>>> print(open('upload19.tsv').read())   # TSV, C-alpha atoms
chain	number	residue	atom	x	y	z
A	1	MET	CA	-14.16	24.03	-24.40
A	2	ASN	CA	-10.80	22.69	-25.56
A	3	ARG	CA	-9.92	19.09	-26.28
A	4	LEU	CA	-8.09	18.53	-22.99
A	5	THR	CA	-11.14	19.64	-20.99
A	6	LEU	CA	-13.38	17.36	-23.04
A	7	PHE	CA	-10.97	14.44	-22.53
A	8	THR	CA	-10.90	15.02	-18.76
A	9	LEU	CA	-14.69	15.22	-18.58
A	10	ALA	CA	-15.01	12.02	-20.59
A	11	LEU	CA	-12.66	10.24	-18.18
A	12	LEU	CA	-14.62	11.45	-15.19
A	13	VAL	CA	-17.91	10.25	-16.69
A	14	LEU	CA	-16.37	6.89	-17.59
A	15	GLY	CA	-14.89	6.45	-14.13
A	16	ASN	CA	-18.19	7.26	-12.51
A	17	ALA	CA	-20.06	4.88	-14.76
A	18	LEU	CA	-17.70	2.05	-13.91
A	19	SER	CA	-17.84	2.57	-10.16
A	20	PRO	CA	-21.47	3.19	-9.21
A	21	ALA	CA	-21.18	0.74	-6.32
A	22	GLU	CA	-18.45	2.79	-4.71
A	23	ALA	CA	-20.74	5.77	-4.30
A	24	ARG	CA	-23.61	3.72	-2.91
A	25	ALA	CA	-21.48	1.21	-1.04
A	26	ALA	CA	-22.62	-0.28	2.21
A	27	ARG	CA	-20.32	-2.28	4.42
A	28	ARG	CA	-20.27	-5.69	5.90
A	29	ALA	CA	-17.70	-7.50	7.96
A	30	VAL	CA	-16.44	-10.88	6.94
A	31	ILE	CA	-15.82	-12.71	10.18
A	32	ALA	CA	-13.86	-15.94	10.40
A	33	ILE	CA	-13.46	-17.88	13.60
A	34	ARG	CA	-11.19	-20.86	14.03
A	35	VAL	CA	-12.15	-22.93	17.02
A	36	ILE	CA	-9.05	-24.41	18.58
A	37	TYR	CA	-8.82	-27.04	21.29
A	38	ALA	CA	-5.93	-26.33	23.62
A	39	VAL	CA	-4.69	-28.65	26.33
A	40	LYS	CA	-1.80	-28.61	28.75
A	41	ASP	CA	-0.36	-32.03	28.12
A	42	GLY	CA	3.36	-32.74	27.80
A	43	ALA	CA	5.38	-31.73	24.78
A	44	LYS	CA	4.41	-28.78	22.61
A	45	SER	CA	2.42	-29.76	19.54
A	46	ILE	CA	0.60	-27.46	17.15
A	47	ASP	CA	-1.76	-28.56	14.38
A	48	PRO	CA	-0.13	-27.71	11.00
A	49	ALA	CA	-3.41	-25.99	10.05
A	50	LEU	CA	-2.55	-23.41	12.70
A	51	ASP	CA	0.99	-22.75	11.55
A	52	ASP	CA	0.16	-19.15	10.66
A	53	ILE	CA	-0.53	-18.35	14.31
A	54	ARG	CA	2.17	-20.54	15.82
A	55	GLY	CA	3.82	-17.45	17.31
A	56	GLU	CA	0.64	-16.54	19.17
A	57	LEU	CA	-0.18	-20.08	20.31
A	58	GLU	CA	3.27	-20.63	21.74
A	59	GLU	CA	2.60	-17.85	24.24
A	60	LEU	CA	-0.66	-19.32	25.53
A	61	PRO	CA	-0.86	-21.40	28.73
A	62	ALA	CA	-1.28	-24.74	26.89
A	63	SER	CA	0.99	-27.12	25.04
A	64	LYS	CA	-1.14	-28.91	22.44
A	65	PHE	CA	-3.36	-27.14	19.93
A	66	ARG	CA	-5.77	-28.78	17.48
A	67	LEU	CA	-8.11	-27.07	15.02
A	68	LEU	CA	-11.66	-28.22	15.77
A	69	ASP	CA	-13.78	-26.09	13.44
A	70	ARG	CA	-13.79	-23.15	11.09
A	71	ILE	CA	-16.73	-20.79	11.08
A	72	SER	CA	-17.18	-17.93	8.68
A	73	THR	CA	-19.98	-15.44	8.28
A	74	GLU	CA	-20.77	-11.98	6.99
A	75	VAL	CA	-22.38	-9.36	9.17
A	76	ASP	CA	-23.90	-6.16	7.87
A	77	GLU	CA	-22.99	-2.91	9.56
A	78	GLY	CA	-25.11	-2.54	12.69
A	79	ALA	CA	-26.19	-6.19	12.67
A	80	ALA	CA	-25.15	-9.16	14.79
A	81	VAL	CA	-24.87	-12.92	14.30
A	82	GLU	CA	-24.68	-15.71	16.80
A	83	LEU	CA	-22.38	-18.60	16.08
A	84	GLN	CA	-22.48	-21.97	17.77
A	85	LEU	CA	-19.36	-23.35	19.38
A	86	PRO	CA	-18.64	-26.86	20.60
A	87	GLY	CA	-20.12	-27.81	23.98
A	88	ASP	CA	-23.34	-25.79	23.65
A	89	LYS	CA	-21.45	-22.55	23.81
A	90	SER	CA	-21.97	-19.66	21.45
A	91	ILE	CA	-20.42	-16.38	20.50
A	92	SER	CA	-22.30	-13.35	19.29
A	93	VAL	CA	-20.58	-10.94	16.91
A	94	ARG	CA	-21.91	-7.47	16.16
A	95	PHE	CA	-20.32	-5.27	13.50
A	96	THR	CA	-20.69	-1.70	14.71
A	97	GLY	CA	-18.90	0.13	11.91
A	98	VAL	CA	-15.58	1.27	10.58
A	99	ASP	CA	-13.21	3.73	12.17
A	100	GLN	CA	-9.94	5.28	11.04
A	101	VAL	CA	-7.15	5.18	13.60
A	102	LYS	CA	-3.84	6.74	12.58
A	103	GLY	CA	-4.77	6.23	8.95
A	104	LYS	CA	-5.60	2.55	9.46
A	105	ARG	CA	-9.06	1.14	8.89
A	106	MET	CA	-10.40	-0.50	12.03
A	107	LEU	CA	-13.56	-2.58	12.37
A	108	GLY	CA	-15.75	-1.97	15.37
A	109	LEU	CA	-16.85	-5.31	16.83
A	110	GLN	CA	-18.81	-6.38	19.88
A	111	LEU	CA	-18.11	-9.94	20.89
A	112	ALA	CA	-20.21	-11.67	23.53
A	113	LEU	CA	-19.15	-15.06	24.78
A	114	LYS	CA	-22.04	-16.20	26.91
A	115	PRO	CA	-22.43	-16.18	29.81
A	116	ALA	CA	-19.49	-14.24	31.08
A	117	LEU	CA	-17.76	-12.01	28.57
A	118	LYS	CA	-18.75	-9.01	26.51
A	119	ILE	CA	-16.10	-7.00	24.77
A	120	SER	CA	-16.13	-4.01	22.43
A	121	LEU	CA	-13.03	-3.61	20.37
A	122	ARG	CA	-11.71	-2.08	17.22
A	123	LEU	CA	-9.72	-4.50	15.14
A	124	ALA	CA	-7.46	-3.64	12.22
A	125	ASP	CA	-9.00	-4.54	8.88
A	126	GLY	CA	-7.82	-8.08	8.14
A	127	GLY	CA	-6.47	-8.49	11.64
A	128	ARG	CA	-7.18	-11.04	14.36
A	129	THR	CA	-7.58	-11.44	18.08
A	130	LEU	CA	-7.51	-14.58	20.20
A	131	ILE	CA	-9.94	-15.36	22.99
A	132	GLY	CA	-9.21	-18.36	25.14
A	133	GLY	CA	-10.57	-19.91	28.27
A	134	PRO	CA	-13.89	-21.79	27.96
A	135	VAL	CA	-13.41	-25.34	29.22
A	136	HIS	CA	-13.83	-28.11	26.65
A	137	LEU	CA	-13.19	-31.79	27.44
A	138	GLU	CA	-9.83	-31.95	29.19
A	139	GLY	CA	-8.67	-28.57	27.94
A	140	ARG	CA	-9.93	-25.21	26.82
A	141	LEU	CA	-11.24	-23.55	23.68
A	142	VAL	CA	-9.30	-20.83	21.94
A	143	LEU	CA	-11.15	-18.70	19.40
A	144	ASP	CA	-9.10	-17.14	16.63
A	145	VAL	CA	-11.37	-14.30	15.53
A	146	SER	CA	-10.35	-12.49	12.39
A	147	ALA	CA	-12.28	-9.88	10.46
A	148	ARG	CA	-12.11	-7.75	7.39
A	149	VAL	CA	-14.45	-5.14	6.03
A	150	GLU	CA	-16.04	-5.51	2.63
A	151	GLU	CA	-17.96	-2.98	0.58
A	152	LYS	CA	-21.19	-4.45	-0.69
A	153	GLU	CA	-23.23	-3.26	-3.65
A	154	ASP	CA	-26.52	-1.52	-3.05
A	155	LYS	CA	-29.13	-3.75	-4.66
A	156	LYS	CA	-31.43	-0.80	-5.53
B	1	MET	CA	22.90	26.00	-57.92
B	2	THR	CA	21.27	25.27	-54.55
B	3	ALA	CA	20.51	27.97	-51.98
B	4	HIS	CA	23.38	29.37	-49.90
B	5	PRO	CA	23.80	27.41	-46.66
B	6	PRO	CA	23.49	29.33	-43.35
B	7	GLN	CA	26.68	30.21	-41.46
B	8	ARG	CA	25.81	27.64	-38.79
B	9	GLU	CA	26.07	24.94	-41.48
B	10	LEU	CA	29.56	26.16	-42.41
B	11	ASP	CA	30.60	26.18	-38.74
B	12	LEU	CA	29.46	22.58	-38.35
B	13	TYR	CA	31.29	21.63	-41.52
B	14	LEU	CA	34.53	23.13	-40.21
B	15	ASP	CA	34.07	21.28	-36.93
B	16	GLY	CA	33.44	18.02	-38.81
B	17	GLU	CA	30.01	17.64	-37.22
B	18	LEU	CA	27.86	17.41	-40.36
B	19	SER	CA	26.23	14.14	-41.32
B	20	PRO	CA	27.67	12.50	-44.49
B	21	SER	CA	24.63	13.43	-46.58
B	22	ARG	CA	24.62	17.09	-45.47
B	23	ARG	CA	28.38	17.29	-45.94
B	24	ALA	CA	28.09	15.94	-49.51
B	25	ARG	CA	25.33	18.42	-50.27
B	26	LEU	CA	27.38	21.33	-48.88
B	27	GLU	CA	30.53	20.30	-50.75
B	28	ALA	CA	28.54	20.11	-54.00
B	29	HIS	CA	27.33	23.66	-53.35
B	30	LEU	CA	30.82	24.91	-52.46
B	31	GLU	CA	32.17	23.62	-55.78
B	32	GLN	CA	29.79	25.88	-57.62
B	33	CYS	CA	29.68	28.91	-55.23
B	34	PRO	CA	32.81	31.07	-54.87
B	35	GLN	CA	31.00	33.32	-52.39
B	36	CYS	CA	30.42	30.46	-49.92
B	37	ARG	CA	33.97	29.18	-50.44
B	38	GLN	CA	35.23	32.61	-49.42
B	39	SER	CA	32.92	32.66	-46.37
B	40	LEU	CA	34.25	29.24	-45.40
B	41	GLU	CA	37.86	30.41	-45.70
B	42	ILE	CA	37.16	33.48	-43.56
B	43	LEU	CA	35.46	31.36	-40.92
B	44	GLY	CA	38.35	28.90	-40.87
B	45	LEU	CA	40.89	31.71	-40.59
B	46	THR	CA	38.93	33.39	-37.78
B	47	GLY	CA	38.80	30.12	-35.92
B	48	SER	CA	42.53	29.59	-36.24
B	49	LEU	CA	43.32	33.13	-35.06
B	50	LEU	CA	40.96	32.72	-32.10
B	51	ARG	CA	42.55	29.42	-31.06
B	52	GLU	CA	46.04	30.92	-31.28
B	53	ALA	CA	44.99	33.93	-29.19
B	54	VAL	CA	43.44	31.72	-26.52
B	55	GLU	CA	46.49	29.46	-26.40
B	56	GLU	CA	48.76	32.51	-25.93
B	57	GLU	CA	46.59	33.88	-23.12
B	58	THR	CA	46.20	30.60	-21.25
B	59	ALA	CA	49.89	29.67	-21.55
B	60	ALA	CA	50.64	32.06	-18.71
B	61	VAL	CA	47.87	30.78	-16.42
B	62	ASP	CA	48.72	28.27	-13.69
B	63	PHE	CA	46.02	25.56	-13.62
B	64	GLY	CA	47.74	23.63	-10.82
B	65	GLY	CA	45.25	22.78	-8.09
B	66	PHE	CA	42.36	24.07	-10.19
B	67	ASP	CA	40.18	20.96	-9.61
B	68	GLU	CA	40.78	21.08	-5.87
B	69	ARG	CA	39.80	24.78	-5.71
B	70	VAL	CA	36.59	24.10	-7.62
B	71	LEU	CA	35.72	21.22	-5.29
B	72	GLN	CA	36.45	23.33	-2.21
B	73	ALA	CA	34.17	26.09	-3.48
B	74	ALA	CA	31.42	23.58	-4.22
B	75	ARG	CA	31.68	22.06	-0.72
B	76	ALA	CA	31.52	25.53	0.84
B	77	GLU	CA	28.19	26.25	-0.89
B	78	ARG	CA	25.14	25.73	1.31
B	79	PRO	CA	22.98	22.87	0.06
B	80	LEU	CA	19.53	23.80	-1.14
B	81	PRO	CA	16.64	23.19	1.25
B	82	ARG	CA	15.16	19.74	0.63
B	83	GLN	CA	11.87	21.03	-0.79
B	84	ARG	CA	13.66	23.44	-3.13
B	85	ALA	CA	16.07	20.73	-4.29
B	86	LEU	CA	13.15	18.37	-4.92
B	87	ALA	CA	11.24	21.04	-6.83
B	88	LEU	CA	14.36	21.78	-8.88
B	89	ARG	CA	14.86	18.11	-9.67
B	90	LEU	CA	11.21	17.68	-10.60
B	91	GLY	CA	11.38	20.80	-12.76
B	92	ASN	CA	14.42	19.43	-14.57
B	93	LEU	CA	12.72	16.09	-15.11
B	94	LEU	CA	9.57	17.73	-16.44
B	95	ALA	CA	11.57	20.01	-18.69
B	96	ALA	CA	13.64	17.10	-20.03
B	97	ARG	CA	10.70	14.90	-21.10
B	98	PRO	CA	7.47	16.90	-21.06
B	99	LEU	CA	5.62	14.54	-23.40
B	100	ALA	CA	6.58	11.44	-21.45
B	101	TRP	CA	5.44	13.05	-18.20
B	102	ALA	CA	2.18	14.22	-19.70
B	103	ALA	CA	1.52	10.67	-20.95
B	104	ALA	CA	2.38	9.20	-17.54
B	105	ALA	CA	0.06	11.66	-15.81
B	106	ALA	CA	-2.75	10.76	-18.23
B	107	VAL	CA	-2.24	7.02	-17.58
B	108	ALA	CA	-2.22	7.63	-13.82
B	109	LEU	CA	-5.43	9.64	-14.09
B	110	VAL	CA	-7.13	6.91	-16.13
B	111	LEU	CA	-6.05	4.25	-13.63
B	112	ALA	CA	-7.22	6.35	-10.69
B	113	LEU	CA	-10.60	6.75	-12.30
B	114	LEU	CA	-11.09	3.22	-13.55
B	115	LEU	CA	-9.55	1.07	-10.81
B	116	PRO	CA	-12.27	1.67	-8.17
B	117	GLY	CA	-14.91	0.62	-10.69
B	118	LEU	CA	-13.04	-2.49	-11.73
B	119	LEU	CA	-12.33	-3.49	-8.13
B	120	ALA	CA	-15.97	-2.97	-7.19
B	121	ARG	CA	-16.94	-5.51	-9.84
B	122	GLN	CA	-15.29	-8.42	-8.09
B	123	PRO	CA	-17.62	-11.36	-7.44
B	124	ALA	CA	-20.00	-10.82	-4.54
B	125	ALA	CA	-19.46	-12.73	-1.32
B	126	PRO	CA	-21.71	-15.69	-0.55
B	127	ALA	CA	-24.90	-15.11	1.42
B	128	PRO	CA	-24.51	-14.56	5.15
B	129	GLY	CA	-24.64	-17.61	7.34
B	130	ARG	CA	-22.47	-20.17	8.93
B	131	HIS	CA	-20.23	-22.09	6.55
B	132	ASP	CA	-16.66	-23.18	6.15
B	133	ALA	CA	-14.41	-20.56	4.66
B	134	PRO	CA	-10.78	-19.66	4.64
B	135	VAL	CA	-9.48	-17.64	7.51
B	136	VAL	CA	-9.59	-13.91	6.90
B	137	ALA	CA	-6.34	-12.79	8.42
B	138	GLY	CA	-2.91	-13.88	7.34
B	139	ARG	CA	0.50	-13.82	8.92
B	140	ALA	CA	1.41	-10.53	7.27
B	141	HIS	CA	-1.70	-8.66	8.41
B	142	ASN	CA	-1.73	-5.91	10.92
B	143	ASN	CA	-3.44	-7.36	13.98
B	144	GLU	CA	-3.71	-4.17	15.95
B	145	ALA	CA	-6.70	-4.11	18.28
B	146	ILE	CA	-8.05	-1.43	20.58
B	147	ILE	CA	-10.25	-2.69	23.39
B	148	ASP	CA	-12.89	-0.06	24.13
B	149	SER	CA	-14.71	-1.91	26.87
B	150	LEU	CA	-14.65	-5.29	28.51
B	151	GLU	CA	-17.21	-6.77	30.86
B	152	TYR	CA	-16.21	-10.06	32.39
B	153	ALA	CA	-18.23	-11.77	35.07
B	154	GLY	CA	-15.32	-13.93	36.19
B	155	GLN	CA	-12.51	-13.06	38.55
B	156	ARG	CA	-9.38	-13.91	36.59
B	157	SER	CA	-8.68	-12.72	33.08
B	158	LEU	CA	-5.63	-11.54	31.24
B	159	ILE	CA	-5.30	-9.32	28.18
B	160	TYR	CA	-1.95	-9.09	26.50
B	161	THR	CA	-0.36	-8.53	23.12
B	162	VAL	CA	1.87	-11.07	21.45
B	163	SER	CA	4.76	-8.93	20.38
B	164	ARG	CA	5.78	-11.07	17.41
B	165	ASN	CA	2.56	-10.51	15.47
B	166	ASN	CA	1.01	-7.70	17.50
B	167	THR	CA	-1.98	-9.94	18.21
B	168	THR	CA	-4.18	-9.15	21.18
B	169	VAL	CA	-4.96	-12.18	23.32
B	170	ILE	CA	-7.78	-12.32	25.88
B	171	TRP	CA	-7.41	-15.25	28.23
B	172	LEU	CA	-10.22	-16.07	30.63
B	173	TYR	CA	-8.98	-18.32	33.42
B	174	ASP	CA	-12.26	-18.98	35.21
B	175	PHE	CA	-14.82	-18.59	32.42
B	176	ASP	CA	-16.65	-21.85	33.12
B	177	SER	CA	-16.76	-21.43	36.85
B	178	VAL	CA	-18.91	-18.34	36.21
B	179	GLY	CA	-21.41	-20.45	34.28
B	180	GLN	CA	-21.56	-23.01	37.10
B	181	GLN	CA	-22.19	-20.35	39.69
B	182	ALA	CA	-25.01	-18.78	37.68
B	183	PRO	CA	-26.89	-21.51	35.79
B	184	GLY	CA	-28.84	-20.20	32.84
B	185	GLY	CA	-26.20	-17.63	32.12
B	186	ASP	CA	-25.75	-14.00	32.80
B	187	GLU	CA	-26.83	-12.42	29.52
B	188	LEU	CA	-24.31	-9.69	29.23
>>> encode(input="upload19.tsv", output="structure tokens")
Amino acid sequence: MNRLTLFTLALLVLGNALSPAEARAARRAVIAIRVIYAVKDGAKSIDPALDDIRGELEELPASKFRLLDRISTEVDEGAAVELQLPGDKSISVRFTGVDQVKGKRMLGLQLALKPALKISLRLADGGRTLIGGPVHLEGRLVLDVSARVEEKEDKK
Amino acid sequence: MTAHPPQRELDLYLDGELSPSRRARLEAHLEQCPQCRQSLEILGLTGSLLREAVEEETAAVDFGGFDERVLQAARAERPLPRQRALALRLGNLLAARPLAWAAAAAVALVLALLLPGLLARQPAAPAPGRHDAPVVAGRAHNNEAIIDSLEYAGQRSLIYTVSRNNTTVIWLYDFDSVGQQAPGGDEL
């Protein structure tokens, strides 16, 4: 066995030792939901905390947008969580797994907004979707649902 | 007396391409070695005769338009296929600096092996549950979404994509009227 072969083997062993979690990795989805209050009321006005989605909000059928709440949670693959929304509403989020579409990593999610909506979608890792419509006070709620996948270490 | 220098050394001396130290060493040897002095004279004479012969031969040649003819011939040549040209370029690069490329390949291999381990050692996320946290997605993220199925108990909904950020929007116009019609909720 020459020196180059030994060096390569040593590197492989070292790399394996440093990344045991990779081999035994399980996944979870980090879900973040921003609860936005939207109302059709005169001039356009968007909460500065929502500046990053101004482009999206400007296309919705409302004129004023205020951030009401931020909710964040982690969901293991195959599991679901239920998150409370203002006005006794709730949304259930199930993380069904990860899929590759045209080389992009997509998260499989099932969102259920009780009592009327259930949707299965695949969302790009780190991407977002907006769901709007539930009535709240004088306006409506808009949910900015974003998700990314995270490898978690096996605790064994 | 030092050893006789090779002919290549004498050639370089005649062409003025020796370093000062080598030139001094050679000149010291030439002072003591009639045999090398004679070799040097012969070499110098041969060079002169060769130059004269070449000058005589080329005097009759017309070099007018020579550059243009070379360029025309080069343009007429078919370019190499892209893969072949790339392989040729890579081959030249590897041949020019083999040690540097070997070192770069070793560094790349080490990084490829170690990076996954180092990245996997980032701090673990907090325990699951509801809590405030920064938003996951940013402006620069790909927001592509594929809707596999949608069950909506209402009558009016709209799904569209905001072209600017490729964000999928689901807008439910009569969401709450569904709840009023069916108190207790339809557990979809």
>>> atom_distance(input="upload19.tsv", atom1="CA of Leu67 in chain A", atom2="CA of Tyr160 in chain B")
22.2 Å
>>> residues_around(input="upload19.tsv", residues="range 103-109 of chain A", least_positions_apart="5", cutoff="8 Å", atoms="all atoms listed in the file", output="list in words")
Ala29, Val93, Arg94, Phe95, Thr96, Gly97, Val98, Ser120, Leu121, Arg122, Leu123, Ala124, Asp125, Ala147, Arg148 and Val149 of chain A
>>> atom_distance(input="upload19.tsv", atom1="CA of Ser149 in chain B", atom2="CA of Thr129 in chain A")
14.8 Å
>>> atom_distance(input="upload19.tsv", atom1="CA of Thr161 in chain B", atom2="CA of Arg27 in chain A")
28.1 Å
>>> closest_atom_pairs(input="upload19.tsv", of="chain A", to="chain B", cutoff="7 Å", atoms="all atoms listed in the file", output="tab-separated table")
residue	atom	partner	partner_atom	distance
A:Leu11	CA	B:Val110	CA	6.8
A:Leu12	CA	B:Leu113	CA	6.8
A:Gly15	CA	B:Leu113	CA	4.7
A:Leu18	CA	B:Gly117	CA	4.5
A:Ser19	CA	B:Gly117	CA	3.6
A:Ala21	CA	B:Ala120	CA	6.5
A:Glu22	CA	B:Ala120	CA	6.7
A:Ala32	CA	B:Val135	CA	5.5
A:Asp52	CA	B:Arg139	CA	5.6
A:Gly55	CA	B:Arg164	CA	6.7
A:Glu56	CA	B:Val162	CA	6.1
A:Arg70	CA	B:Asp132	CA	5.7
A:Ile71	CA	B:Asp132	CA	5.5
A:Ser72	CA	B:Ala133	CA	5.5
A:Thr73	CA	B:Gly129	CA	5.2
A:Glu74	CA	B:Pro128	CA	4.9
A:Val75	CA	B:Pro128	CA	6.9
A:Lys114	CA	B:Glu187	CA	6.6
A:Pro115	CA	B:Gly185	CA	4.7
A:Ala116	CA	B:Ala153	CA	4.9
A:Leu117	CA	B:Tyr152	CA	4.6
A:Lys118	CA	B:Glu151	CA	5.1
A:Ile119	CA	B:Leu150	CA	4.4
A:Ser120	CA	B:Ser149	CA	5.1
A:Leu121	CA	B:Ile147	CA	4.2
A:Arg122	CA	B:Ile146	CA	5.0
A:Leu123	CA	B:Ala145	CA	4.4
A:Ala124	CA	B:Glu144	CA	5.3
A:Gly126	CA	B:Ala137	CA	4.9
A:Gly127	CA	B:Asn143	CA	4.0
A:Arg128	CA	B:Asn143	CA	5.3
A:Thr129	CA	B:Thr168	CA	5.1
A:Leu130	CA	B:Val169	CA	4.7
A:Ile131	CA	B:Ile170	CA	4.7
A:Gly132	CA	B:Trp171	CA	4.7
A:Gly133	CA	B:Leu172	CA	4.5
A:Pro134	CA	B:Phe175	CA	5.6
A:Val135	CA	B:Asp176	CA	6.2
A:Ser146	CA	B:Ala137	CA	5.7
A:Ala147	CA	B:Val136	CA	6.0
A:Arg148	CA	B:Val136	CA	6.7
>>> residues_around(input="upload19.tsv", residues="range 14-22 of chain B", least_positions_apart="5", cutoff="10 Å", atoms="only C-alpha atoms", output="ChimeraX atom specification")
/B:8-9,27-28,40-41,43-44,47
>>> write_last_selection(input="upload19.tsv", atoms="C-alpha atoms", output="compact mmCIF listing (two decimals), in the frame of the given file")
# COMPACT_ATOMS: atom_id res chain seq x y z
CA ARG B 8 25.81 27.64 -38.79
CA GLU B 9 26.07 24.94 -41.48
CA GLU B 27 30.53 20.30 -50.75
CA ALA B 28 28.54 20.11 -54.00
CA LEU B 40 34.25 29.24 -45.40
CA GLU B 41 37.86 30.41 -45.70
CA LEU B 43 35.46 31.36 -40.92
CA GLY B 44 38.35 28.90 -40.87
CA GLY B 47 38.80 30.12 -35.92
>>> residues_around(input="upload19.tsv", residues="Val35 in chain A", least_positions_apart="3", cutoff="7 Å", atoms="only C-alpha atoms", output="MDAnalysis selection string")
chainID A and resid 67:70 141:144
>>> axis_aligned_box(input="upload19.tsv", around="range 154-173 of chain B", padding_each_side="6 Å", output="AutoDock Vina command-line options")
--center_x -4.8 --center_y -13.0 --center_z 27.0 --size_x 33.1 --size_y 22.6 --size_z 35.1
>>> residues_near_point(input="upload19.tsv", point="(30.4, 26.6, -53.0)", cutoff="12 Å", atoms="only C-alpha atoms", output="list in words")
Met1, Thr2, Ala3, His4, Pro5, Leu10, Arg23, Ala24, Arg25, Leu26, Glu27, Ala28, His29, Leu30, Glu31, Gln32, Cys33, Pro34, Gln35, Cys36, Arg37, Gln38, Ser39, Leu40 and Glu41 of chain B
